>>> print(open('run07.tsv').read())   # TSV, C-alpha atoms
chain	number	residue	atom	x	y	z
T	209	MET	CA	-74.29	-35.55	13.00
T	210	SER	CA	-72.39	-32.29	12.82
T	211	VAL	CA	-72.42	-30.14	9.73
T	212	LYS	CA	-68.65	-30.56	9.26
T	213	ARG	CA	-68.88	-34.37	9.45
T	214	LEU	CA	-71.75	-34.32	6.95
T	215	GLN	CA	-69.67	-32.15	4.62
T	216	ARG	CA	-66.69	-34.54	4.85
T	217	ARG	CA	-68.93	-37.53	4.10
T	218	LEU	CA	-70.51	-35.77	1.12
T	219	ILE	CA	-67.06	-34.86	-0.17
T	220	ARG	CA	-65.94	-38.51	0.09
T	221	ILE	CA	-69.10	-39.70	-1.70
T	222	LEU	CA	-68.68	-37.11	-4.43
T	223	THR	CA	-65.02	-38.04	-4.82
T	224	ILE	CA	-65.92	-41.72	-5.24
T	225	LEU	CA	-68.63	-40.85	-7.78
T	226	VAL	CA	-66.18	-38.69	-9.75
T	227	LEU	CA	-63.58	-41.49	-9.74
T	228	LEU	CA	-66.20	-44.03	-10.84
T	229	SER	CA	-67.33	-41.67	-13.60
T	230	ILE	CA	-63.74	-41.25	-14.78
T	231	LEU	CA	-63.19	-45.02	-14.76
T	232	PHE	CA	-66.46	-45.55	-16.63
T	233	CYS	CA	-65.49	-43.00	-19.27
T	234	LEU	CA	-62.03	-44.54	-19.65
T	235	GLY	CA	-63.60	-47.99	-19.99
T	236	LEU	CA	-66.11	-46.72	-22.53
T	237	TYR	CA	-63.30	-45.06	-24.49
T	238	ALA	CA	-61.25	-48.26	-24.45
T	239	TYR	CA	-64.26	-50.31	-25.50
T	240	ARG	CA	-65.05	-48.03	-28.40
T	241	SER	CA	-61.39	-47.78	-29.39
T	242	PHE	CA	-60.70	-51.50	-29.49
T	243	PHE	CA	-64.15	-52.95	-30.13
T	244	GLY	CA	-65.75	-50.12	-32.06
T	245	TYR	CA	-66.53	-52.33	-35.02
T	246	THR	CA	-70.01	-52.96	-36.40
T	247	HIS	CA	-71.45	-55.82	-34.34
T	248	ASP	CA	-74.05	-57.75	-36.31
T	249	THR	CA	-76.51	-59.60	-34.08
T	250	SER	CA	-78.72	-60.80	-36.94
T	251	LEU	CA	-77.40	-64.39	-36.74
T	252	PHE	CA	-78.88	-64.89	-33.28
T	253	GLY	CA	-81.47	-67.69	-33.42
T	254	LYS	CA	-80.80	-68.47	-37.09
T	255	ASP	CA	-80.37	-72.06	-38.24
T	256	LEU	CA	-76.91	-72.03	-39.80
T	257	ALA	CA	-76.76	-75.82	-40.30
T	258	ALA	CA	-73.45	-75.88	-38.43
T	259	GLY	CA	-71.91	-79.26	-37.72
T	260	VAL	CA	-70.84	-80.32	-34.23
T	261	LYS	CA	-67.67	-78.51	-33.14
T	262	ALA	CA	-64.98	-81.19	-33.35
T	263	ASP	CA	-62.21	-79.43	-31.39
T	264	GLU	CA	-62.65	-76.69	-28.81
T	265	ASN	CA	-59.18	-75.35	-29.62
T	266	ILE	CA	-60.07	-74.78	-33.27
T	267	THR	CA	-62.47	-72.03	-34.36
T	268	ASN	CA	-63.73	-71.61	-37.93
T	269	ILE	CA	-64.99	-68.23	-39.10
T	270	ALA	CA	-66.36	-67.21	-42.49
T	271	LEU	CA	-64.56	-64.26	-44.07
T	272	PHE	CA	-66.46	-62.34	-46.74
T	273	GLY	CA	-64.86	-59.76	-49.00
T	274	LEU	CA	-67.73	-57.67	-50.34
T	275	ASP	CA	-67.72	-55.66	-53.54
T	276	THR	CA	-70.45	-53.17	-52.68
T	277	ARG	CA	-70.71	-50.25	-55.06
T	278	GLU	CA	-72.43	-46.94	-54.45
T	279	GLY	CA	-76.22	-47.35	-54.60
T	280	ASP	CA	-76.12	-51.13	-54.05
T	281	ASN	CA	-78.57	-52.52	-51.49
T	282	GLN	CA	-77.18	-56.07	-51.67
T	283	SER	CA	-73.69	-57.45	-52.11
T	284	HIS	CA	-72.11	-60.45	-53.75
T	285	SER	CA	-69.26	-61.94	-51.72
T	286	ASP	CA	-66.43	-61.83	-54.27
T	287	CYS	CA	-63.99	-63.26	-51.73
T	288	MET	CA	-65.05	-66.19	-49.56
T	289	MET	CA	-62.69	-67.86	-47.11
T	290	ILE	CA	-62.84	-70.14	-44.10
T	291	VAL	CA	-60.46	-68.65	-41.54
T	292	THR	CA	-59.36	-71.26	-39.02
T	293	VAL	CA	-57.80	-70.19	-35.72
T	294	ASP	CA	-55.89	-73.29	-34.62
T	295	ASN	CA	-54.65	-72.67	-31.07
T	296	THR	CA	-53.27	-76.21	-30.73
T	297	ARG	CA	-50.77	-75.79	-33.56
T	298	GLY	CA	-50.37	-72.01	-33.40
T	299	LYS	CA	-51.72	-71.44	-36.90
T	300	ILE	CA	-54.20	-69.30	-38.78
T	301	LYS	CA	-55.36	-71.15	-41.90
T	302	MET	CA	-57.22	-69.47	-44.74
T	303	THR	CA	-59.12	-71.77	-47.10
T	304	SER	CA	-60.42	-70.02	-50.22
T	305	LEU	CA	-63.68	-71.18	-51.77
T	306	MET	CA	-64.21	-70.46	-55.46
T	307	ARG	CA	-67.07	-68.00	-55.80
T	308	ASP	CA	-68.40	-69.64	-59.01
T	309	SER	CA	-68.69	-73.09	-57.36
T	310	LEU	CA	-72.01	-74.75	-58.23
T	311	VAL	CA	-73.71	-75.47	-54.89
T	312	ASN	CA	-77.21	-75.93	-53.53
T	313	ILE	CA	-78.53	-72.85	-51.73
T	314	ASP	CA	-81.32	-73.58	-49.25
T	315	GLY	CA	-84.63	-72.37	-50.67
T	316	HIS	CA	-83.10	-71.26	-53.98
T	317	GLY	CA	-81.81	-74.40	-55.67
T	318	GLU	CA	-78.46	-74.64	-57.44
T	319	ASP	CA	-76.48	-71.45	-58.03
T	320	LYS	CA	-73.04	-69.94	-57.63
T	321	LEU	CA	-71.64	-69.98	-54.11
T	322	ASN	CA	-71.30	-66.19	-53.96
T	323	ALA	CA	-75.01	-65.77	-54.81
T	324	ALA	CA	-75.89	-66.95	-51.29
T	325	TYR	CA	-74.72	-63.70	-49.70
T	326	PHE	CA	-76.67	-61.70	-52.28
T	327	LEU	CA	-79.83	-63.73	-51.70
T	328	GLY	CA	-79.77	-63.93	-47.91
T	329	GLY	CA	-76.84	-62.06	-46.42
T	330	PRO	CA	-74.28	-63.62	-44.08
T	331	SER	CA	-76.69	-66.09	-42.48
T	332	LEU	CA	-77.59	-67.79	-45.78
T	333	ALA	CA	-73.97	-67.61	-46.94
T	334	ILE	CA	-72.76	-69.37	-43.77
T	335	ARG	CA	-75.56	-71.95	-43.99
T	336	THR	CA	-74.61	-72.64	-47.61
T	337	ILE	CA	-70.95	-73.20	-46.72
T	338	ASN	CA	-71.86	-75.46	-43.80
T	339	GLU	CA	-74.36	-77.54	-45.80
T	340	ASN	CA	-72.11	-78.02	-48.82
T	341	PHE	CA	-68.74	-78.41	-47.13
T	342	GLY	CA	-69.68	-79.96	-43.76
T	343	THR	CA	-68.22	-77.16	-41.65
T	344	ASP	CA	-69.17	-75.87	-38.19
T	345	ILE	CA	-69.15	-72.12	-38.82
T	346	THR	CA	-71.36	-69.92	-36.63
T	347	ASP	CA	-69.68	-66.51	-37.04
T	348	TYR	CA	-68.32	-64.27	-39.75
T	349	VAL	CA	-66.18	-61.24	-40.47
T	350	ALA	CA	-66.94	-59.01	-43.46
T	351	VAL	CA	-64.88	-56.25	-45.03
T	352	ASN	CA	-65.90	-54.21	-48.06
T	353	PHE	CA	-63.20	-54.03	-50.72
T	354	GLU	CA	-63.48	-50.24	-50.65
T	355	GLN	CA	-62.60	-50.33	-46.95
T	356	LEU	CA	-59.61	-52.52	-47.72
T	357	VAL	CA	-57.94	-49.40	-49.13
T	358	GLU	CA	-58.21	-47.65	-45.75
T	359	ILE	CA	-57.00	-50.74	-43.86
T	360	ILE	CA	-53.88	-51.20	-46.01
T	361	ASP	CA	-53.08	-47.49	-45.93
T	362	ALA	CA	-53.31	-47.69	-42.13
T	363	LEU	CA	-50.62	-50.39	-42.38
T	364	ASP	CA	-48.49	-48.03	-44.52
T	365	GLY	CA	-48.85	-50.45	-47.42
T	366	VAL	CA	-48.04	-54.13	-47.86
T	367	GLU	CA	-45.22	-56.02	-49.58
T	368	ILE	CA	-46.37	-57.73	-52.78
T	369	ASP	CA	-44.44	-59.47	-55.52
T	370	VAL	CA	-45.83	-58.37	-58.91
T	371	ARG	CA	-44.52	-61.41	-60.70
T	372	THR	CA	-45.18	-61.03	-64.41
T	373	THR	CA	-45.41	-58.36	-67.08
T	374	GLU	CA	-49.01	-59.44	-67.73
T	375	GLU	CA	-49.81	-58.83	-64.08
T	376	LEU	CA	-48.19	-55.39	-64.20
T	377	LEU	CA	-50.09	-54.31	-67.31
T	378	GLU	CA	-53.43	-55.56	-66.02
T	379	LEU	CA	-52.80	-54.06	-62.57
T	380	ASN	CA	-52.24	-50.61	-64.01
T	381	ARG	CA	-55.33	-50.94	-66.23
T	382	VAL	CA	-57.45	-51.79	-63.18
T	383	ILE	CA	-55.93	-48.89	-61.23
T	384	ARG	CA	-56.86	-46.51	-64.08
T	385	ASP	CA	-60.40	-47.88	-64.23
T	386	TYR	CA	-60.75	-47.63	-60.46
T	387	GLY	CA	-59.61	-44.00	-60.66
T	388	ILE	CA	-62.26	-43.24	-63.27
T	389	GLU	CA	-64.87	-44.93	-61.08
T	390	GLN	CA	-63.81	-42.87	-58.05
T	391	GLY	CA	-63.31	-39.62	-59.97
T	392	GLN	CA	-59.66	-39.48	-58.93
T	393	GLU	CA	-56.23	-40.25	-60.35
T	394	PHE	CA	-54.15	-42.89	-58.56
T	395	GLU	CA	-50.49	-43.72	-58.92
T	396	GLY	CA	-49.71	-46.79	-60.98
T	397	VAL	CA	-47.06	-49.45	-60.39
T	398	GLU	CA	-43.87	-48.90	-62.39
T	399	GLN	CA	-42.20	-52.31	-62.39
T	400	THR	CA	-42.49	-55.98	-61.55
T	401	GLY	CA	-40.89	-57.50	-58.46
T	402	VAL	CA	-41.29	-57.25	-54.69
T	403	GLN	CA	-42.42	-53.80	-53.62
T	404	THR	CA	-44.70	-51.94	-51.23
T	405	LEU	CA	-48.17	-51.35	-52.65
T	406	ASP	CA	-50.50	-48.76	-51.15
T	407	GLY	CA	-54.17	-49.37	-50.44
T	408	VAL	CA	-55.48	-48.69	-53.96
T	409	GLN	CA	-52.68	-50.63	-55.63
T	410	ALA	CA	-53.13	-53.65	-53.34
T	411	LEU	CA	-56.93	-53.56	-53.77
T	412	CYS	CA	-56.56	-53.57	-57.55
T	413	TYR	CA	-53.90	-56.30	-57.38
T	414	GLY	CA	-56.44	-58.50	-55.58
T	415	ARG	CA	-59.04	-57.77	-58.27
T	416	ILE	CA	-57.17	-58.52	-61.50
T	417	ARG	CA	-58.10	-61.67	-63.39
T	418	LYS	CA	-57.88	-60.77	-67.10
T	419	GLY	CA	-55.14	-60.31	-69.70
T	420	GLY	CA	-53.44	-63.66	-69.13
T	421	THR	CA	-53.32	-63.36	-65.33
T	422	GLY	CA	-55.10	-66.61	-64.46
T	423	ASP	CA	-58.81	-65.69	-64.58
T	424	ASP	CA	-60.68	-66.17	-61.30
T	425	TRP	CA	-58.18	-68.81	-60.16
T	426	GLY	CA	-55.37	-66.29	-60.26
T	427	ARG	CA	-57.52	-63.69	-58.55
T	428	VAL	CA	-58.28	-66.04	-55.66
T	429	GLU	CA	-54.57	-66.63	-55.17
T	430	ARG	CA	-53.82	-62.91	-55.26
T	431	GLN	CA	-56.54	-62.25	-52.69
T	432	GLY	CA	-54.80	-64.74	-50.43
T	433	ILE	CA	-51.44	-63.07	-51.10
T	434	VAL	CA	-52.86	-59.69	-50.04
T	435	MET	CA	-54.38	-61.18	-46.89
T	436	GLU	CA	-51.13	-62.90	-45.97
T	437	ALA	CA	-49.16	-59.71	-46.63
T	438	MET	CA	-51.49	-57.86	-44.25
T	439	PHE	CA	-50.98	-60.52	-41.54
T	440	ASN	CA	-47.21	-60.35	-42.04
T	441	LYS	CA	-47.24	-56.57	-41.67
T	442	VAL	CA	-49.27	-56.79	-38.46
T	443	GLN	CA	-46.85	-59.38	-37.05
T	444	SER	CA	-43.93	-56.99	-37.53
T	445	LEU	CA	-45.45	-54.24	-35.35
T	446	ASN	CA	-44.53	-53.56	-31.73
T	447	ALA	CA	-47.17	-53.37	-28.99
T	448	SER	CA	-47.79	-49.62	-29.13
T	449	SER	CA	-48.01	-49.62	-32.94
T	450	LEU	CA	-50.37	-52.57	-32.82
T	451	ILE	CA	-52.69	-50.78	-30.39
T	452	GLY	CA	-52.74	-47.71	-32.61
T	453	LEU	CA	-53.43	-49.85	-35.66
T	454	MET	CA	-56.36	-51.61	-33.96
T	455	GLN	CA	-57.94	-48.24	-33.26
T	456	LYS	CA	-57.72	-47.40	-36.97
T	457	LEU	CA	-58.93	-50.74	-38.28
T	458	VAL	CA	-61.96	-51.67	-36.18
T	459	PRO	CA	-64.35	-49.14	-37.80
T	460	TYR	CA	-63.94	-50.99	-41.11
T	461	VAL	CA	-64.96	-54.41	-39.80
T	462	THR	CA	-68.42	-55.96	-39.49
T	463	THR	CA	-68.64	-59.19	-37.52
T	464	SER	CA	-71.09	-61.37	-35.64
T	465	LEU	CA	-68.47	-61.92	-32.90
T	466	SER	CA	-69.16	-59.98	-29.72
T	467	PRO	CA	-66.28	-58.35	-27.77
T	468	THR	CA	-66.52	-61.11	-25.14
T	469	GLU	CA	-66.08	-63.70	-27.92
T	470	LEU	CA	-63.47	-61.81	-29.90
T	471	ALA	CA	-61.09	-60.96	-27.05
T	472	PRO	CA	-60.34	-64.56	-25.94
T	473	LEU	CA	-60.09	-65.63	-29.59
T	474	ILE	CA	-57.35	-63.03	-30.19
T	475	VAL	CA	-55.57	-63.87	-26.94
T	476	GLY	CA	-55.74	-67.61	-27.66
T	477	SER	CA	-54.29	-67.22	-31.16
T	478	VAL	CA	-51.13	-65.49	-29.87
T	479	LYS	CA	-50.62	-67.21	-26.53
T	480	GLY	CA	-48.00	-69.52	-28.04
T	481	GLY	CA	-46.28	-66.73	-29.95
T	482	VAL	CA	-46.87	-65.29	-33.41
T	483	PRO	CA	-49.10	-67.75	-35.33
T	484	THR	CA	-48.09	-69.26	-38.66
T	485	ILE	CA	-50.23	-68.10	-41.60
T	486	GLU	CA	-51.26	-70.62	-44.28
T	487	HIS	CA	-53.45	-70.37	-47.36
T	488	ALA	CA	-55.12	-73.16	-49.35
T	489	ARG	CA	-57.88	-73.45	-51.94
T	490	VAL	CA	-60.58	-75.92	-52.93
T	491	PRO	CA	-61.27	-77.44	-55.37
T	492	LEU	CA	-57.80	-78.79	-56.12
T	493	ASP	CA	-56.34	-78.91	-59.61
T	494	GLY	CA	-57.63	-81.84	-61.61
T	495	GLU	CA	-60.76	-82.17	-59.48
T	496	TRP	CA	-63.05	-79.67	-61.20
T	497	ASP	CA	-64.63	-78.84	-64.53
T	498	TYR	CA	-66.38	-75.88	-66.13
T	499	TYR	CA	-70.15	-76.29	-66.40
T	500	GLY	CA	-73.06	-74.39	-67.95
T	501	ALA	CA	-73.99	-72.98	-71.34
T	502	SER	CA	-71.25	-70.34	-71.04
T	503	SER	CA	-69.01	-72.34	-68.67
T	504	GLU	CA	-70.12	-69.95	-65.95
T	505	TYR	CA	-70.01	-72.51	-63.14
T	506	ILE	CA	-67.22	-74.53	-61.53
T	507	LEU	CA	-68.38	-78.10	-60.99
T	508	TYR	CA	-66.67	-80.55	-58.63
T	509	ASP	CA	-67.33	-83.25	-56.05
T	510	LEU	CA	-68.43	-81.32	-52.96
T	511	ASP	CA	-67.96	-84.34	-50.69
T	512	GLN	CA	-64.37	-84.65	-51.86
T	513	ALA	CA	-63.80	-80.93	-51.27
T	514	ALA	CA	-65.38	-81.24	-47.82
T	515	SER	CA	-62.96	-84.06	-47.01
T	516	HIS	CA	-59.97	-81.89	-48.01
T	517	ILE	CA	-61.24	-79.08	-45.79
T	518	GLU	CA	-61.95	-81.35	-42.80
T	519	ARG	CA	-58.51	-83.02	-43.00
T	520	TYR	CA	-56.79	-79.65	-43.33
T	521	ILE	CA	-58.61	-77.99	-40.44
T	522	TYR	CA	-58.56	-80.81	-37.91
T	523	SER	CA	-55.75	-83.15	-38.97
T	524	ASP	CA	-53.42	-80.44	-40.34
T	525	ILE	CA	-53.12	-82.23	-43.68
T	526	TYR	CA	-52.59	-79.64	-46.38
T	527	PRO	CA	-54.93	-80.11	-49.39
T	528	GLY	CA	-53.17	-82.07	-52.11
T	529	THR	CA	-50.64	-83.73	-49.79
T	530	ASP	CA	-50.71	-87.03	-47.96
T	531	THR	CA	-48.95	-85.73	-44.86
T	532	GLY	CA	-49.48	-82.93	-42.38
T	533	THR	CA	-48.04	-79.47	-42.80
T	534	ASP	CA	-45.47	-79.74	-40.04
T	535	THR	CA	-41.92	-78.89	-41.03
T	536	ASP	CA	-39.97	-81.79	-42.47
T	537	ALA	CA	-37.31	-82.72	-39.94
T	538	THR	CA	-34.80	-83.81	-42.59
T	539	ASP	CA	-34.55	-80.76	-44.81
T	540	GLY	CA	-36.46	-78.07	-42.93
T	541	THR	CA	-38.95	-77.56	-45.73
T	542	ASP	CA	-42.70	-77.46	-45.44
T	543	THR	CA	-44.43	-80.50	-46.89
T	544	ALA	CA	-47.15	-78.18	-48.21
T	545	ASP	CA	-44.91	-76.12	-50.47
T	546	GLY	CA	-47.42	-76.02	-53.30
T	547	PRO	CA	-49.47	-72.79	-53.12
T	548	MET	CA	-53.24	-72.83	-53.35
T	549	GLY	CA	-53.67	-76.60	-53.03
T	550	GLY	CA	-51.22	-77.32	-55.82
T	551	ILE	CA	-52.05	-74.58	-58.32
T	552	ASP	CA	-49.05	-73.35	-60.31
T	553	TYR	CA	-49.53	-69.62	-60.54
T	554	ASP	CA	-47.60	-69.30	-63.81
T	555	GLU	CA	-49.67	-71.96	-65.57
T	556	PRO	CA	-53.42	-72.21	-66.21
T	557	PRO	CA	-55.32	-74.32	-63.68
T	558	THR	CA	-55.68	-78.00	-64.55
T	559	GLY	CA	-59.04	-78.22	-66.27
T	560	PRO	CA	-60.78	-77.32	-69.52
T	561	LEU	CA	-60.01	-73.84	-70.78
T	562	THR	CA	-62.79	-73.71	-73.40
T	563	PRO	CA	-66.44	-74.85	-73.35
T	564	ASP	CA	-67.10	-78.52	-74.01
T	565	GLU	CA	-68.96	-77.66	-77.20
T	566	ALA	CA	-65.89	-76.00	-78.69
T	567	GLN	CA	-63.83	-79.12	-78.05
T	568	THR	CA	-66.21	-81.39	-79.98
T	569	GLY	CA	-65.86	-79.43	-83.22
T	570	GLU	CA	-69.60	-78.74	-83.42
T	571	THR	CA	-70.85	-75.36	-84.61
T	572	VAL	CA	-71.25	-73.07	-81.65
T	573	ASP	CA	-73.36	-69.94	-81.44
T	574	PRO	CA	-70.80	-67.18	-80.62
T	575	ALA	CA	-73.27	-65.53	-78.25
T	576	SER	CA	-73.30	-68.70	-76.12
T	577	LEU	CA	-69.62	-68.15	-75.32
T	578	ALA	CA	-70.25	-64.81	-73.66
T	579	GLU	CA	-69.56	-64.61	-69.94
T	580	GLU	CA	-72.58	-64.68	-67.64
T	581	GLY	CA	-73.58	-61.06	-67.23
T	582	GLY	CA	-71.65	-60.14	-70.39
T	583	ARG	CA	-72.69	-59.98	-74.03
T	584	TYR	CA	-71.63	-60.61	-77.62
T	585	ASP	CA	-71.67	-57.87	-80.29
T	586	PRO	CA	-72.50	-59.56	-83.64
T	587	GLU	CA	-71.60	-56.39	-85.62
T	588	THR	CA	-67.99	-56.26	-84.45
T	589	GLY	CA	-67.53	-59.87	-83.33
T	590	ASP	CA	-66.33	-58.64	-79.96
T	591	TYR	CA	-67.39	-59.66	-76.47
T	592	TYR	CA	-68.03	-57.61	-73.35
T	593	ASP	CA	-67.57	-59.21	-69.95
T	594	ALA	CA	-69.66	-58.56	-66.84
T	595	ASP	CA	-67.45	-55.58	-66.00
T	596	GLY	CA	-68.03	-53.99	-69.43
T	597	ASP	CA	-64.49	-54.63	-70.70
T	598	ARG	CA	-64.17	-55.55	-74.41
T	599	TYR	CA	-62.29	-58.64	-75.65
T	600	TYR	CA	-62.14	-61.16	-78.48
T	601	LEU	CA	-61.53	-64.93	-78.49
T	602	ASP	CA	-58.36	-66.25	-80.09
T	603	GLU	CA	-58.15	-69.56	-82.01
T	604	SER	CA	-57.89	-71.50	-78.74
T	605	GLY	CA	-60.93	-69.81	-77.26
T	606	ASN	CA	-58.88	-67.70	-74.84
T	607	ARG	CA	-59.89	-64.11	-74.09
T	608	VAL	CA	-57.69	-61.31	-75.42
T	609	TYR	CA	-58.57	-57.90	-74.02
T	610	TYR	CA	-58.11	-54.72	-76.02
>>> encode(input="run07.tsv", output="structure tokens")
Amino acid sequence: MSVKRLQRRLIRILTILVLLSILFCLGLYAYRSFFGYTHDTSLFGKDLAAGVKADENITNIALFGLDTREGDNQSHSDCMMIVTVDNTRGKIKMTSLMRDSLVNIDGHGEDKLNAAYFLGGPSLAIRTINENFGTDITDYVAVNFEQLVEIIDALDGVEIDVRTTEELLELNRVIRDYGIEQGQEFEGVEQTGVQTLDGVQALCYGRIRKGGTGDDWGRVERQGIVMEAMFNKVQSLNASSLIGLMQKLVPYVTTSLSPTELAPLIVGSVKGGVPTIEHARVPLDGEWDYYGASSEYILYDLDQAASHIERYIYSDIYPGTDTGTDTDATDGTDTADGPMGGIDYDEPPTGPLTPDEAQTGETVDPASLAEEGGRYDPETGDYYDADGDRYYLDESGNRVYY
């Protein structure tokens, strides 16, 4: 072989290697850009007590909103949802589970539902949901509430309806407290009504539960409102904006889903067009009760709740209705027009608002009425909740914050 022919062959080989290297680098960049989230492989081989998958076109994923503070080694899951990707009906359904639900946690006995994540991370939390509600969940997505600020700011804010004066006052109090916690000053919200909230404002909106804003029931609804507002904002973006947004968002997500599992799930959810977003909650109104010395638990029939969830996910029957959630052909309205499984946001949830002991007229030790994690100050007669905020109980046993 002549020297010139050898040189030409080497040049061709080198050219191919350079092109392959460029393609590899571009592929690696694309992978990191679009799938650069934290991939958690810890669920591999774990017994999650998942039921048999009933429909290959329906995928259930656990969504955990974590409230991890600086210095924490473990997290409680303050927001717990079952996210259902229903490719048959073109829907994404979010079913909120009350964090204070009294459930059995494998190896730990009865406790609050959100304690499962604290005790055993996502694997125990998923197992607990599957065992108590009969679901088939094998994967999860987790976002820290602190990261929610970055995600919403990347969306240039979300549209939220601040509906009442009580909500507005409590929202601004939480924003101030969050600013003190972060060592910064954040802008408050000036008025009620539909408006664009930035990351901090939306985060705090999803946290409020005091001052006549519906306690934890109201907070669960507001968390769903924020999630739905985020979905709606994403749906309004064009292709190039969506790609740019994905690059910003993925670093804030931790999930057990691998890129090869996540990609077809995303493609499947939009193949029929933009999916409809729905939000429900269990237990339903009238099907629960407070339980415990300080009414710290929410007690209800778990089998009944599991039935609501199963019918909603697989038969498209919205919790609290007797028919599916398809649009009514006669008037164009949705048969599931009641938010949160029938909860009326402007009214307290159907159920006892004070401990059973207070209703019987028996003498009650004031300290027993303190919230779990909170305390009673016998010198002033005031209470402090688990967050350290001070309040007193009015004649009806309702909290009034200072």
>>> atom_distance(input="run07.tsv", atom1="CA of Gly329 (chain T)", atom2="CA of Tyr386 (chain T)")
25.8 Å
>>> atom_distance(input="run07.tsv", atom1="CA of Arg430 (chain T)", atom2="CA of Arg598 (chain T)")
23.0 Å
>>> closest_residue(input="run07.tsv", among="T:Ala513, T:Val370, T:Val382, T:Ala578", to="Leu405 (chain T)", atoms="only C-alpha atoms")
T:Val370
>>> atom_distance(input="run07.tsv", atom1="CA of Tyr599 (chain T)", atom2="CA of Arg415 (chain T)")
17.7 Å
>>> closest_residue(input="run07.tsv", among="T:Asp524, T:Glu354, T:Glu339, T:Glu579", to="Gly596 (chain T)", atoms="all atoms listed in the file")
T:Glu579
>>> residues_around(input="run07.tsv", residues="Ile266 (chain T)", least_positions_apart="2", cutoff="7 Å", atoms="only C-alpha atoms", output="PyMOL selection string")
chain T and resi 263-264+268+292-295
>>> closest_residue(input="run07.tsv", among="T:Ile368, T:Ile474, T:Ile506, T:Thr373", to="Gln403 (chain T)", atoms="all atoms listed in the file")
T:Ile368
>>> residues_around(input="run07.tsv", residues="Gly420 (chain T)", least_positions_apart="5", cutoff="8 Å", atoms="only C-alpha atoms", output="list in words")
Glu374, Glu375 and Val608 of chain T
>>> residues_around(input="run07.tsv", residues="region 456-465 of chain T", least_positions_apart="6", cutoff="7 Å", atoms="only C-alpha atoms", output="list in words")
Phe242, Phe243, Gly244, Tyr245, Thr246, His247, Asp248, Thr249, Asp347, Tyr348, Val349, Ala350, Val351, Gln355, Ile359 and Ala362 of chain T
>>> residues_around(input="run07.tsv", residues="Arg607 (chain T)", least_positions_apart="6", cutoff="12 Å", atoms="all atoms listed in the file", output="list of chain:residue names")
T:Arg417, T:Lys418, T:Gly419, T:Gly420, T:Thr421, T:Gly422, T:Asp423, T:Leu561, T:Thr562, T:Leu577, T:Ala578, T:Glu579, T:Asp590, T:Tyr591, T:Tyr592, T:Asp593, T:Asp597, T:Arg598, T:Tyr599, T:Tyr600, T:Leu601
>>> closest_residue(input="run07.tsv", among="T:Thr588, T:Asn606, T:Ala258, T:Glu486", to="Thr343 (chain T)", atoms="all atoms listed in the file")
T:Ala258
>>> closest_residue(input="run07.tsv", among="T:Asp308, T:Glu518, T:Glu393, T:Glu378", to="Asp286 (chain T)", atoms="all atoms listed in the file")
T:Asp308
>>> closest_residue(input="run07.tsv", among="T:Gln399, T:Thr346, T:Gln431, T:Asn352", to="Gly414 (chain T)", atoms="only C-alpha atoms")
T:Gln431
>>> residues_around(input="run07.tsv", residues="Pro330 (chain T)", least_positions_apart="5", cutoff="9 Å", atoms="all atoms listed in the file", output="number ranges by chain")
T: 250-251, 270, 272, 324-325, 335, 347-348, 350
>>> decode(input="run07.tsv", residues="region 345-363 of chain T", atoms="C-alpha atoms", output="compact mmCIF listing (two decimals), in the first residue's frame")
# COMPACT_ATOMS: atom_id res chain seq x y z
CA ILE T 345 -47.67 2.07 42.10
CA THR T 346 -44.05 1.14 41.37
CA ASP T 347 -42.51 4.58 40.69
CA TYR T 348 -42.45 8.05 42.16
CA VAL T 349 -41.56 11.67 41.49
CA ALA T 350 -40.42 13.92 44.34
CA VAL T 351 -39.96 17.67 44.45
CA ASN T 352 -38.83 19.66 47.47
CA PHE T 353 -41.06 22.63 48.25
CA GLU T 354 -37.99 24.85 48.20
CA GLN T 355 -37.34 23.75 44.62
CA LEU T 356 -40.93 24.57 43.73
CA VAL T 357 -39.94 28.24 43.90
CA GLU T 358 -37.36 27.73 41.14
CA ILE T 359 -39.77 25.69 39.01
CA ILE T 360 -42.57 28.28 39.15
CA ASP T 361 -40.15 31.15 38.51
CA ALA T 362 -38.94 29.23 35.45
CA LEU T 363 -42.58 29.29 34.31
